[in-house]
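**Student:** Structure: my_file_5.csv, CSV, C-alpha atoms.
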```
chain,number,residue,atom,x,y,z
A,1,MET,CA,3.3,4.9,-23.5
A,2,GLY,CA,3.3,7.0,-20.3
A,3,SER,CA,1.4,10.3,-19.9
A,4,GLN,CA,4.7,12.2,-19.9
A,5,HIS,CA,4.7,12.0,-23.8
A,6,LEU,CA,1.1,13.5,-24.1
A,7,PRO,CA,-0.1,17.0,-23.8
A,8,LEU,CA,-1.3,18.5,-20.5
A,9,GLN,CA,-4.9,19.7,-19.9
A,10,THR,CA,-6.9,22.1,-17.8
A,11,ARG,CA,-10.1,21.2,-16.0
A,12,GLY,CA,-11.7,24.1,-14.2
A,13,ILE,CA,-9.3,25.5,-11.6
A,14,PHE,CA,-6.9,22.6,-12.1
A,15,HIS,CA,-4.1,23.1,-14.5
A,16,SER,CA,-1.3,20.9,-16.0
A,17,LEU,CA,-3.3,17.7,-15.5
A,18,PRO,CA,-2.0,14.7,-17.4
A,19,THR,CA,-3.8,13.1,-20.4
A,20,PHE,CA,-3.7,9.4,-21.2
A,21,SER,CA,-3.6,7.2,-24.3
A,22,PRO,CA,-7.0,6.8,-25.9
A,23,GLU,CA,-6.3,3.0,-25.9
A,24,LEU,CA,-7.2,3.2,-22.1
A,25,LYS,CA,-10.9,2.7,-22.3
A,26,GLY,CA,-13.8,0.7,-20.8
A,27,LEU,CA,-12.1,0.5,-17.3
A,28,THR,CA,-14.0,-0.4,-14.2
A,29,ALA,CA,-13.3,0.4,-10.6
A,30,ILE,CA,-14.5,0.0,-7.0
A,31,VAL,CA,-14.4,3.2,-4.9
A,32,THR,CA,-14.9,2.5,-1.2
A,33,GLY,CA,-16.1,5.2,1.1
A,34,ALA,CA,-17.8,6.8,-1.9
A,35,ASN,CA,-20.1,8.9,0.3
A,36,GLY,CA,-17.1,10.6,2.0
A,37,ILE,CA,-15.0,13.5,0.9
A,38,SER,CA,-12.1,11.6,-0.7
A,39,GLY,CA,-14.1,8.7,-2.2
A,40,PHE,CA,-16.7,11.0,-3.8
A,41,HIS,CA,-14.2,13.4,-5.3
A,42,THR,CA,-12.1,10.6,-6.7
A,43,MET,CA,-15.3,9.4,-8.4
A,44,ARG,CA,-15.8,12.9,-9.8
A,45,ALA,CA,-12.2,12.9,-11.2
A,46,LEU,CA,-12.6,9.4,-12.8
A,47,LEU,CA,-16.1,10.2,-14.2
A,48,ASP,CA,-14.6,13.2,-16.0
A,49,SER,CA,-13.3,10.7,-18.6
A,50,PRO,CA,-16.3,8.8,-19.9
A,51,GLU,CA,-14.4,6.8,-22.5
A,52,ARG,CA,-11.8,5.7,-20.0
A,53,TRP,CA,-14.0,4.8,-17.1
A,54,SER,CA,-17.2,3.0,-18.1
A,55,LYS,CA,-18.4,1.8,-14.7
A,56,LEU,CA,-17.7,2.8,-11.1
A,57,TRP,CA,-19.0,0.8,-8.1
A,58,ALA,CA,-19.5,3.0,-5.1
A,59,ALA,CA,-19.1,0.8,-2.1
A,60,SER,CA,-20.2,2.2,1.2
A,61,ARG,CA,-22.9,1.5,3.9
A,62,ARG,CA,-25.0,4.4,2.5
A,63,PRO,CA,-25.1,5.8,-1.0
A,64,PRO,CA,-23.7,9.3,-1.6
A,65,PRO,CA,-26.3,11.8,-0.6
A,66,GLU,CA,-28.5,13.3,-3.4
A,67,GLU,CA,-27.0,16.8,-2.7
A,68,MET,CA,-23.6,15.4,-3.6
A,69,MET,CA,-24.8,13.4,-6.6
A,70,ALA,CA,-26.4,16.5,-7.9
A,71,LEU,CA,-22.8,17.7,-8.7
A,72,LEU,CA,-22.6,15.0,-11.4
A,73,THR,CA,-24.1,15.2,-14.8
A,74,GLN,CA,-26.8,12.6,-15.8
A,75,ASP,CA,-24.2,10.7,-17.9
A,76,GLN,CA,-21.8,10.6,-15.0
A,77,ARG,CA,-24.5,9.3,-12.7
A,78,SER,CA,-25.4,6.6,-15.2
A,79,ARG,CA,-22.0,5.1,-14.8
A,80,VAL,CA,-22.1,4.9,-11.0
A,81,GLU,CA,-23.8,2.0,-9.1
A,82,HIS,CA,-23.9,1.9,-5.3
A,83,VAL,CA,-23.1,-1.4,-3.5
A,84,ALA,CA,-24.3,-1.4,0.1
A,85,CYS,CA,-21.4,-2.8,2.1
A,86,ASP,CA,-20.4,-2.6,5.8
A,87,PHE,CA,-16.7,-3.5,5.9
A,88,LEU,CA,-17.0,-4.4,9.6
A,89,GLU,CA,-19.0,-7.4,8.5
A,90,GLU,CA,-17.4,-10.8,7.7
A,91,PRO,CA,-15.7,-11.0,4.3
A,92,GLU,CA,-18.1,-13.7,3.1
A,93,ALA,CA,-21.1,-11.3,3.7
A,94,ILE,CA,-19.3,-8.5,1.8
A,95,ALA,CA,-18.4,-10.8,-1.1
A,96,ARG,CA,-22.0,-11.9,-1.3
A,97,GLN,CA,-23.1,-8.2,-1.7
A,98,LEU,CA,-20.5,-7.7,-4.4
A,99,GLY,CA,-21.6,-10.8,-6.2
A,100,GLU,CA,-25.2,-9.9,-6.1
A,101,LYS,CA,-24.4,-6.7,-8.0
A,102,GLY,CA,-22.1,-8.4,-10.4
A,103,VAL,CA,-19.1,-6.2,-9.4
A,104,LYS,CA,-16.0,-6.4,-11.6
A,105,ALA,CA,-13.0,-4.1,-11.0
A,106,ASP,CA,-9.8,-3.4,-12.9
A,107,TYR,CA,-8.8,-1.0,-10.1
A,108,VAL,CA,-9.7,-0.4,-6.5
A,109,PHE,CA,-9.6,2.9,-4.7
A,110,PHE,CA,-9.9,2.4,-0.9
A,111,TYR,CA,-11.1,5.4,1.2
A,112,SER,CA,-13.1,3.8,4.0
A,113,TYR,CA,-12.3,5.2,7.4
A,114,ALA,CA,-13.9,5.0,10.8
A,115,GLN,CA,-13.2,7.5,13.6
A,116,PRO,CA,-14.0,5.8,17.0
A,117,LYS,CA,-15.0,8.4,19.6
A,118,PRO,CA,-12.2,9.1,22.1
A,119,LYS,CA,-12.8,9.4,25.8
A,120,PRO,CA,-14.5,12.7,26.8
A,121,GLY,CA,-11.9,15.5,26.8
A,122,ALA,CA,-9.3,13.5,24.9
A,123,HIS,CA,-8.1,14.6,21.5
A,124,ALA,CA,-9.3,13.0,18.3
A,125,TRP,CA,-6.4,10.5,17.8
A,126,SER,CA,-5.8,9.6,21.5
A,127,ASN,CA,-7.4,6.1,21.1
A,128,ALA,CA,-4.7,4.7,18.9
A,129,GLU,CA,-5.4,1.1,19.8
A,130,GLU,CA,-9.1,1.3,18.8
A,131,LEU,CA,-8.3,3.4,15.7
A,132,SER,CA,-5.8,0.7,14.6
A,133,LYS,CA,-8.1,-2.2,15.4
A,134,THR,CA,-11.2,-0.7,13.6
A,135,ASN,CA,-9.5,0.6,10.5
A,136,SER,CA,-7.4,-2.5,10.0
A,137,ALA,CA,-10.6,-4.5,10.2
A,138,LEU,CA,-12.2,-2.4,7.5
A,139,LEU,CA,-9.4,-3.2,5.0
A,140,ARG,CA,-8.8,-6.8,6.1
A,141,ASN,CA,-12.5,-7.7,5.6
A,142,PHE,CA,-12.7,-6.0,2.3
A,143,LEU,CA,-9.5,-7.7,1.0
A,144,GLY,CA,-11.0,-11.0,2.2
A,145,ALA,CA,-14.2,-10.2,0.3
A,146,LEU,CA,-12.3,-9.6,-2.9
A,147,GLU,CA,-10.8,-13.0,-2.6
A,148,HIS,CA,-14.1,-14.7,-1.9
A,149,ALA,CA,-15.7,-12.8,-4.8
A,150,LYS,CA,-12.8,-13.7,-7.1
A,151,ILE,CA,-12.2,-10.0,-7.9
A,152,THR,CA,-8.5,-9.4,-8.6
A,153,PRO,CA,-7.7,-5.8,-9.5
A,154,LYS,CA,-4.6,-4.7,-11.5
A,155,ARG,CA,-3.9,-2.0,-9.0
A,156,PHE,CA,-5.1,-1.3,-5.5
A,157,LEU,CA,-4.8,2.3,-4.2
A,158,LEU,CA,-5.0,3.0,-0.5
A,159,GLN,CA,-5.3,6.5,0.9
A,160,THR,CA,-3.7,7.3,4.2
A,161,GLY,CA,-2.5,10.7,5.2
A,162,ALA,CA,-0.1,13.0,7.1
A,163,LYS,CA,-0.6,10.9,10.3
A,164,ASN,CA,1.7,8.5,8.5
A,165,TYR,CA,4.5,10.8,9.7
A,166,GLY,CA,3.2,11.0,13.3
A,167,THR,CA,2.4,14.7,13.0
A,168,HIS,CA,-0.8,14.3,15.0
A,169,LEU,CA,1.3,13.2,18.0
A,170,GLY,CA,3.8,16.0,18.1
A,171,PRO,CA,6.6,17.7,16.1
A,172,ALA,CA,7.7,15.6,13.2
A,173,ARG,CA,10.5,15.8,10.7
A,174,THR,CA,9.7,18.1,7.8
A,175,PRO,CA,9.2,18.2,4.9
A,176,TYR,CA,7.4,14.9,4.9
A,177,THR,CA,9.1,12.5,2.5
A,178,GLU,CA,7.5,9.2,1.4
A,179,SER,CA,10.7,7.3,2.0
A,180,ASP,CA,10.9,8.3,5.7
A,181,PRO,CA,10.9,5.4,8.1
A,182,ARG,CA,7.9,4.5,10.1
A,183,VAL,CA,7.4,6.3,13.4
A,184,THR,CA,7.0,3.2,15.7
A,185,HIS,CA,8.1,4.4,19.1
A,186,LEU,CA,4.9,6.2,19.8
A,187,GLY,CA,2.6,3.2,19.8
A,188,PRO,CA,0.3,1.8,17.1
A,189,ASN,CA,-0.4,3.7,13.9
A,190,PHE,CA,-3.3,2.2,11.9
A,191,TYR,CA,-1.8,3.4,8.6
A,192,TYR,CA,1.1,1.0,9.1
A,193,GLY,CA,-1.3,-2.0,9.8
A,194,GLN,CA,-3.3,-1.1,6.7
A,195,GLU,CA,-0.1,-0.9,4.6
A,196,ASP,CA,1.1,-4.3,5.8
A,197,LEU,CA,-2.3,-5.9,4.9
A,198,LEU,CA,-2.2,-4.3,1.5
A,199,PHE,CA,1.4,-5.5,0.8
A,200,GLU,CA,0.5,-9.0,1.8
A,201,TYR,CA,-2.6,-9.1,-0.4
A,202,CYS,CA,-0.8,-7.6,-3.4
A,203,LYS,CA,2.1,-10.1,-3.1
A,204,LYS,CA,-0.3,-13.0,-2.9
A,205,HIS,CA,-2.4,-11.9,-5.9
A,206,ASN,CA,0.2,-10.3,-8.1
A,207,THR,CA,-1.6,-7.0,-7.8
A,208,HIS,CA,0.3,-3.7,-7.7
A,209,TRP,CA,-0.4,-1.0,-5.2
A,210,ASN,CA,-0.3,2.7,-4.6
A,211,ILE,CA,-0.6,4.7,-1.3
A,212,ILE,CA,-1.6,8.4,-1.3
A,213,CYS,CA,-1.0,10.7,1.7
A,214,PRO,CA,-2.9,14.0,1.6
A,215,GLY,CA,-2.8,16.6,4.4
A,216,TRP,CA,-5.9,18.5,5.5
A,217,ILE,CA,-8.5,17.5,3.0
A,218,ILE,CA,-11.0,20.0,1.6
A,219,GLY,CA,-13.9,19.6,-0.8
A,220,ALA,CA,-17.6,20.0,-1.4
A,221,VAL,CA,-19.6,17.4,0.5
A,222,ASN,CA,-22.5,17.7,2.8
A,223,ASN,CA,-20.9,16.2,5.8
A,224,ALA,CA,-17.1,15.9,6.3
A,225,ALA,CA,-15.9,16.2,9.9
A,226,MET,CA,-12.3,16.1,8.9
A,227,ASN,CA,-12.6,18.8,6.3
A,228,ALA,CA,-10.6,21.3,8.3
A,229,LEU,CA,-11.9,24.4,6.5
A,230,HIS,CA,-15.6,23.4,7.0
A,231,PRO,CA,-15.8,24.5,10.6
A,232,LEU,CA,-14.0,27.7,9.8
A,233,ALA,CA,-16.6,28.4,7.1
A,234,VAL,CA,-19.4,27.7,9.5
A,235,TYR,CA,-17.9,30.1,12.0
A,236,ALA,CA,-17.4,32.8,9.4
A,237,ALA,CA,-21.0,32.4,8.1
A,238,VAL,CA,-22.5,32.7,11.6
A,239,GLN,CA,-20.3,35.7,12.6
A,240,ALA,CA,-21.3,37.4,9.4
A,241,HIS,CA,-25.0,36.6,10.0
A,242,LYS,CA,-24.7,38.2,13.4
A,243,GLY,CA,-23.0,41.2,12.0
A,244,GLU,CA,-19.8,40.6,14.0
A,245,LYS,CA,-16.1,40.2,13.2
A,246,LEU,CA,-14.1,37.0,12.8
A,247,ASN,CA,-12.0,36.7,15.9
A,248,TYR,CA,-8.8,34.6,15.6
A,249,PRO,CA,-8.6,32.0,18.4
A,250,GLY,CA,-4.9,31.1,18.2
A,251,ALA,CA,-1.6,32.5,19.3
A,252,TYR,CA,0.8,34.8,17.4
A,253,GLU,CA,3.0,32.0,16.1
A,254,SER,CA,0.0,30.2,14.6
A,255,TRP,CA,-1.2,33.4,13.0
A,256,LEU,CA,2.1,33.6,11.1
A,257,ALA,CA,2.8,29.9,10.4
A,258,VAL,CA,2.2,28.5,7.0
A,259,THR,CA,0.1,25.4,6.3
A,260,GLU,CA,-1.2,23.5,3.3
A,261,HIS,CA,-4.3,21.7,2.3
A,262,SER,CA,-5.2,18.9,-0.1
A,263,THR,CA,-8.2,19.5,-2.4
A,264,ALA,CA,-10.0,16.2,-2.6
A,265,TYR,CA,-10.8,16.7,-6.3
A,266,LEU,CA,-7.2,17.3,-7.2
A,267,THR,CA,-6.1,14.3,-5.1
A,268,GLY,CA,-8.6,12.3,-7.1
A,269,TYR,CA,-6.8,13.3,-10.3
A,270,LEU,CA,-3.4,12.4,-8.7
A,271,SER,CA,-4.8,9.0,-7.7
A,272,GLU,CA,-6.0,8.3,-11.2
A,273,TRP,CA,-2.6,9.2,-12.6
A,274,ALA,CA,-0.8,7.0,-10.1
A,275,VAL,CA,-2.8,3.8,-10.9
A,276,LEU,CA,-2.6,4.3,-14.6
A,277,GLU,CA,1.1,4.9,-14.8
A,278,ASP,CA,3.2,1.7,-15.0
A,279,LYS,CA,6.2,3.6,-13.6
A,280,CYS,CA,4.2,4.5,-10.5
A,281,GLN,CA,3.4,1.0,-9.5
A,282,ASP,CA,4.2,0.0,-5.9
A,283,GLN,CA,4.9,3.6,-4.9
A,284,LYS,CA,3.7,6.0,-2.2
A,285,PHE,CA,2.9,9.7,-3.0
A,286,ASN,CA,2.2,12.7,-0.8
A,287,SER,CA,-0.6,14.9,-2.0
A,288,SER,CA,-0.8,18.6,-1.5
A,289,ASP,CA,-2.1,21.6,-3.4
A,290,THR,CA,1.3,23.2,-2.7
A,291,CYS,CA,-0.6,26.5,-2.0
A,292,PRO,CA,0.9,27.5,1.4
A,293,ILE,CA,-1.4,29.9,3.3
A,294,PRO,CA,-1.0,31.3,6.8
A,295,ASN,CA,-3.9,32.3,9.0
A,296,ASN,CA,-2.9,35.9,8.6
A,297,ARG,CA,-4.0,35.6,5.0
A,298,LEU,CA,-6.8,33.1,5.4
A,299,TRP,CA,-8.7,35.0,8.1
A,300,PRO,CA,-9.1,38.3,6.1
A,301,GLU,CA,-10.2,36.2,3.1
A,302,LEU,CA,-12.8,34.3,5.2
A,303,ALA,CA,-14.1,37.7,6.5
A,304,ARG,CA,-14.3,39.1,2.9
A,305,TRP,CA,-15.9,36.0,1.4
A,306,TYR,CA,-18.7,35.7,4.0
A,307,GLY,CA,-19.3,39.4,4.4
A,308,ALA,CA,-18.2,39.6,8.1
A,309,LYS,CA,-17.5,43.0,9.6
A,310,GLY,CA,-13.7,42.6,9.5
A,311,TYR,CA,-11.5,40.4,11.6
A,312,THR,CA,-9.1,40.5,14.6
A,313,GLY,CA,-5.7,39.0,14.8
A,314,PRO,CA,-4.1,36.8,17.5
A,315,GLU,CA,-4.3,37.5,21.2
A,316,LEU,CA,-0.9,39.1,22.2
A,317,ASP,CA,-1.5,39.1,25.9
A,318,GLU,CA,0.2,35.9,27.0
A,319,SER,CA,-1.8,35.9,30.3
A,320,LYS,CA,-5.0,35.3,28.3
A,321,LEU,CA,-3.7,32.2,26.5
A,322,THR,CA,-4.4,28.7,27.5
A,323,VAL,CA,-1.5,26.3,27.2
A,324,LEU,CA,-2.0,22.6,26.8
A,325,ASP,CA,1.1,20.9,28.3
A,326,PRO,CA,1.1,17.1,27.6
A,327,GLY,CA,4.0,16.7,30.0
A,328,ASN,CA,7.2,14.8,29.3
A,329,VAL,CA,6.0,12.6,26.4
A,330,PRO,CA,8.1,11.4,23.4
A,331,THR,CA,7.8,13.1,20.0
A,332,PRO,CA,7.8,11.7,16.5
A,333,LEU,CA,11.3,13.2,16.1
A,334,GLY,CA,12.5,11.0,19.0
A,335,TYR,CA,13.9,14.1,20.7
A,336,GLY,CA,13.0,17.6,21.8
A,337,PRO,CA,10.0,19.0,23.7
A,338,PRO,CA,6.5,18.0,22.9
A,339,ARG,CA,4.0,20.2,21.2
A,340,LYS,CA,2.2,22.7,23.6
A,341,PRO,CA,-0.8,24.2,21.8
A,342,ARG,CA,-1.6,27.8,22.8
A,343,PHE,CA,-4.9,29.5,22.2
A,344,ALA,CA,-7.3,32.1,23.5
A,345,TRP,CA,-10.5,30.2,22.8
A,346,THR,CA,-11.8,27.2,20.9
A,347,LEU,CA,-14.3,26.8,18.1
A,348,SER,CA,-15.8,23.8,20.0
A,349,GLY,CA,-16.6,26.2,22.9
A,350,TRP,CA,-18.0,28.8,20.6
A,351,ALA,CA,-20.2,26.2,19.0
A,352,GLN,CA,-21.7,25.4,22.4
A,353,GLN,CA,-23.2,28.9,22.7
A,354,GLU,CA,-26.9,29.1,22.1
A,355,GLU,CA,-26.8,32.4,20.1
A,356,ASN,CA,-24.5,30.7,17.5
A,357,GLN,CA,-26.7,27.6,17.2
A,358,LYS,CA,-29.7,29.9,16.8
A,359,ALA,CA,-27.9,31.8,14.1
A,360,TRP,CA,-27.1,28.6,12.2
A,361,LYS,CA,-30.8,27.6,12.3
A,362,GLU,CA,-31.7,31.0,10.8
A,363,ILE,CA,-29.1,30.5,8.1
A,364,SER,CA,-30.3,27.0,7.4
A,365,ALA,CA,-33.9,28.1,7.0
A,366,LYS,CA,-32.9,31.0,4.7
A,367,HIS,CA,-30.7,28.9,2.4
A,368,LYS,CA,-32.5,25.5,2.8
A,369,LEU,CA,-29.5,23.8,4.3
A,370,THR,CA,-29.8,20.1,5.3
A,371,HIS,CA,-26.6,19.7,7.3
A,372,ASN,CA,-26.3,20.8,10.9
A,373,PRO,CA,-22.7,20.6,12.3
A,374,PHE,CA,-24.0,21.8,15.7
A,375,GLU,CA,-25.7,18.4,16.2
A,376,ASP,CA,-22.2,16.8,16.9
A,377,ILE,CA,-20.0,19.7,18.0
A,378,GLU,CA,-17.0,17.6,19.0
A,379,ALA,CA,-16.9,15.8,15.7
A,380,HIS,CA,-17.4,18.8,13.5
A,381,PHE,CA,-15.5,21.6,15.3
A,382,GLN,CA,-12.5,19.9,16.9
A,383,PHE,CA,-10.6,19.6,13.6
A,384,GLY,CA,-11.3,23.3,13.0
A,385,ASP,CA,-9.5,24.1,16.3
A,386,PHE,CA,-6.5,22.2,15.0
A,387,ALA,CA,-6.6,24.0,11.7
A,388,ALA,CA,-7.1,27.5,13.3
A,389,TRP,CA,-4.5,27.4,16.1
A,390,GLY,CA,-2.5,24.3,15.2
A,391,PRO,CA,-0.2,25.3,12.3
A,392,GLY,CA,2.3,27.1,14.5
A,393,GLU,CA,2.6,24.0,16.6
A,394,LEU,CA,3.0,21.7,13.7
A,395,GLN,CA,6.3,23.0,12.4
```
Let me see the structure of the file written as C-alpha cells.
**Tutor:**
Amino acid sequence: MGSQHLPLQTRGIFHSLPTFSPELKGLTAIVTGANGISGFHTMRALLDSPERWSKLWAASRRPPPEEMMALLTQDQRSRVEHVACDFLEEPEAIARQLGEKGVKADYVFFYSYAQPKPKPGAHAWSNAEELSKTNSALLRNFLGALEHAKITPKRFLLQTGAKNYGTHLGPARTPYTESDPRVTHLGPNFYYGQEDLLFEYCKKHNTHWNIICPGWIIGAVNNAAMNALHPLAVYAAVQAHKGEKLNYPGAYESWLAVTEHSTAYLTGYLSEWAVLEDKCQDQKFNSSDTCPIPNNRLWPELARWYGAKGYTGPELDESKLTVLDPGNVPTPLGYGPPRKPRFAWTLSGWAQQEENQKAWKEISAKHKLTHNPFEDIEAHFQFGDFAAWGPGELQ
C-alpha cells in the first residue's frame, strides 16, 4: 500500500509529509557523503523514524563533525555507524572497508561530490572535464565496491542538481522539467556520466533507481561551500557586528528576480519517500521548497535577522556596474545571447578586506565558532556571489 492512502504528518516547520505502513521496519541504508549538507540531513530525515530505519552506515572519508552530530538525539546517534571510505580509491579497497564493518544495505543514498579547483579567475564550473572525470570516478568506484562486497540494494538514489539542465552555463529552458532532454552541445556534464553509470549498474543487478535534483541547497552544517545562503549570512553577521548596513551587490534586475532554494532536510524527506514508493521506482524528481523569494525581500530580512543598521538596494548608476561578457558562446537553450552578469561589487572581494576578517575573528571568539570561511575565500564566497547577483541572470 502506497503512502497516498495514509494520513499526512507535520515535523517541525515541514508540513504535509507522508507516512508509511508500519510494516516497513528494520531497514538499513548506506548514506555516502554523510559529512556534507545533503548526506547529513538525509540521515536526519531517516533517523526521525526509528522503527523504520534501524541502521545507517555513514560512508565518507571523515565522520560527520561533532557539532553536526550534536543535532541528533542519543538514540539517533546509536543507529549511525561511520565507515571511513575514500571513493577515489580502487573498488577492492572500498569493498574491504565495507566488509570490515559488516555493512548491509537495503537502500543506498549517494551524495558524494568533489569540486576540483578551477584555474585562477575562472568560475566554479569552468573545468567541466575534470569535474566529470572526478565525480564519475567517485560513483564508479563505489558501485564496483558494492559488487565486490556483494551488497545489492533494492533501490539506489543518486542526488544531482539543477546543473542537470545546464543552468550554470547560461540561460536554460524554464521551468526545469525532469523529462527534458540532456543538454549535450555545451561539453561534458558529470551528472550525465553518473546517470549512465547508475543505469548500467541497476540493469545488471536488478536494482531500481531514483535521481533527485535540488536547486541551491541550504541547511545547518558547519562547512558547506555550496550552501548559497551561508556566505550571505556571514556577510550579514559581519556588517551587523561593525554597525553597518547590508549593501546589495547586484543589479536592478537581480534585485527583483525570483529564485528558490532546496532545504536539505526537506529534500531528505523527499528522498525517503521516493525510495519507499513502488510507483516512484526508476524516476527522477526535482526538489524545491517552492518558496520563491527575490532579493528585495531577502535582503531586508537578513538585515533584520542579524541586527544590521538597515540595507541598501541595487546600484542604479549603470556606469558603476561591472559586466562579465563571455563573448559569443552557445547557451543551454541552443539559441539567444549568453548570460552577462552585472554587479557593483563581489562578496569574494569584500571577504578579502582585513577589517571584515578581523570582525569575523571577534564574532568567532564571542560565540565560540569553529568554522572560518575566510580561510578559503574563493570556495566559500563565490557561490554567495551567484546567489546575490545571479538570479536576474538565471531566468
**Student:** Which polymer residues have any atom within 12 Å of an atom of Pro214 of chain A, counting all atoms listed in the file, with same-chain residues fewer than 4 positions away left out, as an NGL selection string?
**Tutor:** :A and (38 or 111 or 158-165 or 176 or 178 or 218 or 227 or 260-268 or 270-271 or 284-290)
**Student:** By how many Å are atom CA of Arg155 of chain A and atom CA of Asn210 of chain A apart?
**Tutor:** 7.4 Å
**Student:** Pull the neighbourhood of (-15.6, 9.8, -7.0) for me: all residues within 10 Å in file coordinates, counting all atoms listed in the file, as JSON, numbers by chain.
**Tutor:** {"A": [30, 31, 32, 33, 34, 35, 36, 37, 38, 39, 40, 41, 42, 43, 44, 45, 46, 47, 48, 56, 57, 58, 64, 69, 72, 80, 109, 264, 265, 268]}
**Student:** Please identify all polymer residues within 6 Å of Gly250 of chain A, counting only C-alpha atoms, omitting same-chain residues fewer than 6 positions from it, and present them as an MDAnalysis selection string.
**Tutor:** chainID A and resid 314 343:344 389
**Student:** Calculate how many Å separate atom CA of Pro91 of chain A from atom CA of Ala128 of chain A, rounding to one decimal.
**Tutor:** 24.1 Å
**Student:** With distances taken over all atoms listed in the file, which residue among A:Ile363, A:Ala237, A:Ile217, A:Ala351 lies nearest Glu375 of chain A?
**Tutor:**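 Closest to Glu375 of chain A, using all atoms listed in the file: A:Ala351.
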**Student:** In Å, how far is it from atom CA of Leu324 of chain A to atom CA of Gly215 of chain A?
**Tutor:**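 The value is 23.2 Å.
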**Student:** So, with only C-alpha atoms as the atoms that count, which of A:Arg140, A:Arg96, A:Lys133, A:Lys203 lies closest to Asn189 of chain A?
**Tutor:**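 Of all the options, A:Lys133 lies closest to Asn189 of chain A.
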**Student:** With distances taken over all atoms listed in the file, which of A:Lys117, A:Gln283, A:Leu197, A:Glu100 is nearest to Ser136 of chain A?
**Tutor:**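 Selected residue with least distance to Ser136 of chain A: A:Leu197.
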